[in-house]
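Participant: Starting off with a structure, shown below.
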Amino acid sequence: MLYSGSRQKKVHDKIICSCMAPPQNLRNDGSFATKFNDSFKSGELSRVREPDYGDSDVLIECRDVHKSFREKHILRGVNFKIRHGEAVGIIGPSGTGKSTILKIIAGLLTPDKGEVYIRGRKRAGLISDEEISGLRIGLVFQSAALFDSLTVRENVGFLLYENSSMPGDQISKLVTESLAAVGLKDVEERMPSELSGGMKKRVALARSIICDTSKKAIEPEVLLYDEPTAGLDPIASTVVEDLIRSVHMKGEDAVGKPGNIASYVVVTHQHSTIGRAVDRLIFLHEGKIVWEGMTHEFTTSTNPFVQQFAAGSLDGPIKY
Ligand SMILES: Nc1ncnc2c1ncn2[C@@H]1O[C@H](COP(=O)(O)OP(=O)(O)OP(=O)(O)O)[C@@H](O)[C@H]1O
């Protein structure tokens with residue numbers, strides 16, 4: 001999704017700046033994984049899949065989310081929770097509503113029916129309609145969505161230049177640090193058109209992890225990645241997958257600074273990204289969740305949707 005001119009800036013500003021509520025720590029044992037039953041059938045999930053402990057670590061919840069575009073009913077009652085510390089993948093065939101659900105979570109689209117809760121507070125509408133404090137939500141677009149007319153430095157530091165009271169040289173330093181965290185150096189003065197696809201994705205990642213260090217408390221963030229490795233060669237994909245992990249892992253970024261990425265959600269078609277970058281999977285088909293499970297269950301699942309998808313087979317319940 002691309003925006004142009006001031007609209008582009010305004011929307012980007014809203015996305016990255018969104019949503020805040022105090023962070024909750026992981027459980028004492030450091031785990032967050034809910035046990036999932038591999039034999040769910042479509043429509044049964046919300047009935048059988050209640051965690052056996054509290055929901056105090058739930059950062060985002062989608063409850064019975066529906067969305068249509070004209071006569072096309074895309075999302076048909078999507079229910080899931082993203083907990084603090086989780087690395088979640090959303091997979092499924094093309095056109096099934098994966099990007100749409102990310103945009104709804106980010107507040108770029110409103111559901112026609114159902115609710116999105118951010119730290120337990122119901123989102124009333126689009127991001128611009130409200131201020132929720134305690135959680136930032138960043139969306140890293142499939143296309144990287146850099147501003148073509150701005151340098152890499154201006155792109156990465158965009159929010160801080162626009163919104164913070166930090167002096168320019170301090171922002172510049174943070175930009176350089178953010179770029180270093182994604183393995184880029186000496187690219188600050190380049191224009192996006194001078195970067196490869198993989199570099200653009202890394203710049204977009206740097207832009208999503210930069211934060212205003214002049215604030216007393218740095219809020220945690222949930223990052224939403226829309227196909228972060230699409231179009232990349234296998235090695236560049238591995239670099240991006242590991243970066244996604246590293247900015248989140250143990251609350252530290254790739255250069256060892258305290259990180260603030262509490263959880264992330266990745267929409268992907270790439271097997272390598274499924275295997276390397278996420279721990280839990282949500283399978284969306286025709287606007288409904290038809291399977292959830294841990295990543296290691298993906299290849300052994302007997303769910304026909306998963307089996308067909310994993311094998312890339314033409315035979316099965318998914319029709320093209
Ligand atoms: N703003 C919009 N207006 C009209 N139709 C839309 C809009 N956004 C998405 N759609 C339609 O909704 C459907 C789901 O789109 P979405 O991008 O969410 O799918 P997806 O699962 O992410 O697909 P892919 O894996 O191919 O990226 C598609 O048929 C798409 O054409």
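Residues in the structure tokens are numbered from 1 in each chain, the chains being A, B, ... in the order shown, and ligands are numbered from 1 in the order shown.
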DSSP on the backbone: what in range 61-269 of chain A comes out helix (DSSP H, G or I), as a ChimeraX atom specification?

Facilitator: /A:98-106,127-129,152-156,158-163,168-181,192-194,197-209,234-246,249-251

Participant: Which residues are near range 109-126 of chain A? Cut-off 8 Å, only C-alpha atoms, ignore same chain within fewer than 5 positions. Put them as a PyMOL selection string.

Facilitator: chain A and resi 19+21+58-68+77+100+103-104+132+134-135

Participant: Identify which of the residues A:Leu314, A:Val187, A:Ile74, A:Ala106 lies closest to Val140 in chain A, counting only C-alpha atoms when measuring atom-to-atom distances.

Facilitator: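 Using only C-alpha atoms, Val140 in chain A sits closest to A:Ala106.
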
Participant: Restricting the calculation to only C-alpha atoms and all ligand atoms, which member of A:Gln142, A:Ser172, A:Ser301, A:Asn155 is positioned closest to ligand 1?

Facilitator: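 Of all the options, A:Gln142 lies closest to ligand 1.
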
Participant: Determine, for each residue of chain A having at least one atom at most 10 Å from an atom of ligand 1, the closest pair of atoms and their separation in Å to one decimal, counting only C-alpha atoms and all ligand atoms; order by chain and ascending number, as CSV.

Facilitator:
```
residue,atom,partner,partner_atom_place_in_ligand_line,distance
A:Met1,CA,ligand 1,8 (N),9.0
A:Lys67,CA,ligand 1,12 (O),8.8
A:Ser68,CA,ligand 1,12 (O),7.7
A:Phe69,CA,ligand 1,4 (C),4.8
A:Arg70,CA,ligand 1,4 (C),7.0
A:Glu71,CA,ligand 1,5 (N),9.5
A:Lys72,CA,ligand 1,12 (O),7.4
A:His73,CA,ligand 1,12 (O),8.2
A:Ile74,CA,ligand 1,12 (O),5.7
A:Leu75,CA,ligand 1,14 (C),8.2
A:Ile90,CA,ligand 1,21 (O),9.1
A:Ile91,CA,ligand 1,21 (O),8.0
A:Gly92,CA,ligand 1,21 (O),6.7
A:Pro93,CA,ligand 1,25 (O),5.9
A:Ser94,CA,ligand 1,25 (O),3.5
A:Gly95,CA,ligand 1,19 (O),3.5
A:Thr96,CA,ligand 1,21 (O),3.8
A:Gly97,CA,ligand 1,18 (O),3.2
A:Lys98,CA,ligand 1,21 (O),3.9
A:Ser99,CA,ligand 1,22 (O),3.7
A:Thr100,CA,ligand 1,18 (O),3.7
A:Ile101,CA,ligand 1,18 (O),6.6
A:Leu102,CA,ligand 1,18 (O),8.1
A:Lys103,CA,ligand 1,18 (O),8.4
A:Ile104,CA,ligand 1,18 (O),9.9
A:Leu109,CA,ligand 1,1 (N),8.6
A:Gln142,CA,ligand 1,27 (O),8.5
A:Asp226,CA,ligand 1,22 (O),8.0
A:Glu227,CA,ligand 1,27 (O),7.7
A:Ala230,CA,ligand 1,27 (O),9.8
A:Val267,CA,ligand 1,22 (O),7.6
A:Thr268,CA,ligand 1,25 (O),7.5
A:His269,CA,ligand 1,25 (O),7.1
A:Leu284,CA,ligand 1,21 (O),7.9
A:His285,CA,ligand 1,21 (O),8.3
A:Glu286,CA,ligand 1,21 (O),8.7
A:Gly287,CA,ligand 1,14 (C),8.4
```

Participant: Could you please write out, as number ranges by chain, every residue of range 148-248 of chain A that DSSP assigns to strand (DSSP E)?

Facilitator: A: 221-226

Participant: Deliver the residues from the most recent selection as a file, using all heavy atoms, as a PDB file, in the first residue's frame.

Facilitator:
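Listed below is the output, result_35.pdb:
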```pdb
ATOM      1  N   GLU A 221       6.325  -1.764  21.845  1.00  0.00           N
ATOM      2  CA  GLU A 221       5.747  -1.668  20.515  1.00  0.00           C
ATOM      3  C   GLU A 221       5.440  -3.057  19.981  1.00  0.00           C
ATOM      4  O   GLU A 221       6.180  -4.004  20.242  1.00  0.00           O
ATOM      5  CB  GLU A 221       6.753  -0.970  19.593  1.00  0.00           C
ATOM      6  CG  GLU A 221       6.283  -0.843  18.158  1.00  0.00           C
ATOM      7  CD  GLU A 221       7.167   0.094  17.340  1.00  0.00           C
ATOM      8  OE1 GLU A 221       8.147   0.630  17.887  1.00  0.00           O
ATOM      9  OE2 GLU A 221       6.863   0.271  16.160  1.00  0.00           O
ATOM     10  N   VAL A 222       4.343  -3.153  19.262  1.00  0.00           N
ATOM     11  CA  VAL A 222       4.064  -4.359  18.492  1.00  0.00           C
ATOM     12  C   VAL A 222       4.314  -4.002  17.035  1.00  0.00           C
ATOM     13  O   VAL A 222       3.766  -3.026  16.528  1.00  0.00           O
ATOM     14  CB  VAL A 222       2.612  -4.840  18.682  1.00  0.00           C
ATOM     15  CG1 VAL A 222       2.317  -6.005  17.736  1.00  0.00           C
ATOM     16  CG2 VAL A 222       2.373  -5.272  20.116  1.00  0.00           C
ATOM     17  N   LEU A 223       5.168  -4.772  16.400  1.00  0.00           N
ATOM     18  CA  LEU A 223       5.449  -4.511  14.989  1.00  0.00           C
ATOM     19  C   LEU A 223       4.681  -5.494  14.115  1.00  0.00           C
ATOM     20  O   LEU A 223       4.637  -6.695  14.399  1.00  0.00           O
ATOM     21  CB  LEU A 223       6.941  -4.643  14.704  1.00  0.00           C
ATOM     22  CG  LEU A 223       7.789  -3.406  14.972  1.00  0.00           C
ATOM     23  CD1 LEU A 223       9.240  -3.673  14.598  1.00  0.00           C
ATOM     24  CD2 LEU A 223       7.279  -2.199  14.203  1.00  0.00           C
ATOM     25  N   LEU A 224       4.093  -4.951  13.068  1.00  0.00           N
ATOM     26  CA  LEU A 224       3.346  -5.758  12.110  1.00  0.00           C
ATOM     27  C   LEU A 224       4.105  -5.719  10.782  1.00  0.00           C
ATOM     28  O   LEU A 224       4.333  -4.633  10.237  1.00  0.00           O
ATOM     29  CB  LEU A 224       1.943  -5.179  11.900  1.00  0.00           C
ATOM     30  CG  LEU A 224       1.146  -4.824  13.168  1.00  0.00           C
ATOM     31  CD1 LEU A 224      -0.148  -4.095  12.783  1.00  0.00           C
ATOM     32  CD2 LEU A 224       0.831  -6.081  13.968  1.00  0.00           C
ATOM     33  N   TYR A 225       4.529  -6.858  10.306  1.00  0.00           N
ATOM     34  CA  TYR A 225       5.294  -6.912   9.065  1.00  0.00           C
ATOM     35  C   TYR A 225       4.444  -7.557   7.977  1.00  0.00           C
ATOM     36  O   TYR A 225       3.994  -8.695   8.137  1.00  0.00           O
ATOM     37  CB  TYR A 225       6.536  -7.788   9.225  1.00  0.00           C
ATOM     38  CG  TYR A 225       7.534  -7.327  10.257  1.00  0.00           C
ATOM     39  CD1 TYR A 225       7.485  -7.810  11.563  1.00  0.00           C
ATOM     40  CD2 TYR A 225       8.563  -6.439   9.918  1.00  0.00           C
ATOM     41  CE1 TYR A 225       8.424  -7.415  12.507  1.00  0.00           C
ATOM     42  CE2 TYR A 225       9.500  -6.044  10.864  1.00  0.00           C
ATOM     43  CZ  TYR A 225       9.424  -6.539  12.147  1.00  0.00           C
ATOM     44  OH  TYR A 225      10.345  -6.156  13.076  1.00  0.00           O
ATOM     45  N   ASP A 226       4.273  -6.840   6.885  1.00  0.00           N
ATOM     46  CA  ASP A 226       3.516  -7.401   5.768  1.00  0.00           C
ATOM     47  C   ASP A 226       4.498  -7.930   4.717  1.00  0.00           C
ATOM     48  O   ASP A 226       5.137  -7.150   4.007  1.00  0.00           O
ATOM     49  CB  ASP A 226       2.598  -6.333   5.161  1.00  0.00           C
ATOM     50  CG  ASP A 226       1.513  -6.948   4.290  1.00  0.00           C
ATOM     51  OD1 ASP A 226       1.567  -8.173   4.050  1.00  0.00           O
ATOM     52  OD2 ASP A 226       0.621  -6.212   3.851  1.00  0.00           O
TER      53      ASP A 226
END
```

Participant: Counting only C-alpha atoms, which residue out of A:Gly54, A:Gly89, A:Arg83, A:Gly107 sits closest to Trp291 in chain A?

Facilitator: A:Gly89

Participant: Excluding Leu174 in chain A and residues on its chain fewer than 6 positions from it, collect all residues at most 12 Å away from it, counting only C-alpha atoms, and give them as a PyMOL selection string.

Facilitator: chain A and resi 153-154+156-161+166-168+180-181+188+206-207+209-214+257

Participant: Pick from A:Gly312, A:Gly197, A:Gly183, A:Pro192: nearest to Thr151 in chain A, with only C-alpha atoms counted?

Facilitator: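 Smallest distance to Thr151 in chain A is found for A:Pro192.
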